[in-house]
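Asks: The structure's right below; bear with me while I get my questions together.
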Amino acid sequence: MASYPPGFVNLLTSQTGEYSSPGFENLSGVEEESKHTELKTVLEMKDKLNKQKLLEKLLEKPEPLSEMELSLKIKLMSEMLG
């Protein structure tokens, strides 16, 4: 038998060998879709917050900024305003 990382075997069902999503074992299709939509929304919010924090750090940083920092600052500002 192959050696799997700890916890990986728990993701596989013992009888069929199919993948089982953790936390979604007894959900109907609609409930599972709702959970995935909720998770996607949370991840998008987290991504937006990370970008805001990065922009705040770039705005607080004293000049001069490197070319990369300046282009990132402009890109993040345009994303926030657009």
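Chain lettering (A, B, ...) mirrors the order of the structure tokens, residue numbering begins at 1 for each chain separately, and ligand numbering begins at 1 in order of display.
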For region 66-80 of chain A, find every residue with an atom within 10 Å (counting only C-alpha atoms), except residues of its own chain fewer than 6 positions away, and show them as JSON, numbers by chain.
Replies: {"A": [48, 51, 52, 54, 55, 56, 57, 58, 59]}
Asks: Would you export the selected residues with N, CA and C atoms as a PDB file, in the first residue's frame, please?
Replies:
ATOM      1  N   LYS A  48      -9.289  40.792  -1.020  1.00  0.00           N
ATOM      2  CA  LYS A  48      -9.460  42.247  -1.079  1.00  0.00           C
ATOM      3  C   LYS A  48      -8.813  42.918   0.134  1.00  0.00           C
ATOM      4  N   LYS A  51      -5.045  42.992  -0.240  1.00  0.00           N
ATOM      5  CA  LYS A  51      -4.632  44.039  -1.177  1.00  0.00           C
ATOM      6  C   LYS A  51      -4.714  45.413  -0.525  1.00  0.00           C
ATOM      7  N   GLN A  52      -5.755  45.644   0.282  1.00  0.00           N
ATOM      8  CA  GLN A  52      -5.884  46.921   0.979  1.00  0.00           C
ATOM      9  C   GLN A  52      -4.736  47.129   1.961  1.00  0.00           C
ATOM     10  N   LEU A  54      -1.743  45.831   1.792  1.00  0.00           N
ATOM     11  CA  LEU A  54      -0.530  46.065   1.020  1.00  0.00           C
ATOM     12  C   LEU A  54      -0.486  47.498   0.515  1.00  0.00           C
ATOM     13  N   LEU A  55      -1.618  47.999   0.031  1.00  0.00           N
ATOM     14  CA  LEU A  55      -1.679  49.380  -0.446  1.00  0.00           C
ATOM     15  C   LEU A  55      -1.419  50.356   0.696  1.00  0.00           C
ATOM     16  N   GLU A  56      -1.981  50.096   1.863  1.00  0.00           N
ATOM     17  CA  GLU A  56      -1.731  50.953   3.024  1.00  0.00           C
ATOM     18  C   GLU A  56      -0.244  51.010   3.355  1.00  0.00           C
ATOM     19  N   LYS A  57       0.428  49.860   3.312  1.00  0.00           N
ATOM     20  CA  LYS A  57       1.866  49.831   3.598  1.00  0.00           C
ATOM     21  C   LYS A  57       2.649  50.625   2.563  1.00  0.00           C
ATOM     22  N   LEU A  58       2.236  50.522   1.298  1.00  0.00           N
ATOM     23  CA  LEU A  58       2.923  51.273   0.246  1.00  0.00           C
ATOM     24  C   LEU A  58       2.680  52.769   0.386  1.00  0.00           C
ATOM     25  N   LEU A  59       1.478  53.156   0.815  1.00  0.00           N
ATOM     26  CA  LEU A  59       1.175  54.578   1.000  1.00  0.00           C
ATOM     27  C   LEU A  59       1.916  55.153   2.204  1.00  0.00           C
TER      28      LEU A  59
END
Asks: In Å, rounded to a single decimal, give me how far CA of Thr37 (chain A) is from CA of Lys53 (chain A).
Replies: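 Calculated distance between CA of Lys53 (chain A) and CA of Thr37 (chain A) is 24.5 Å.
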Asks: May I ask for the distance between CA of Thr41 (chain A) and CA of Gly82 (chain A), given in Å to one decimal place?
Replies: 19.1 Å
Asks: Could you check how far CA of Glu44 (chain A) sits from CA of Glu32 (chain A), in Å to one decimal?
Replies: 18.4 Å
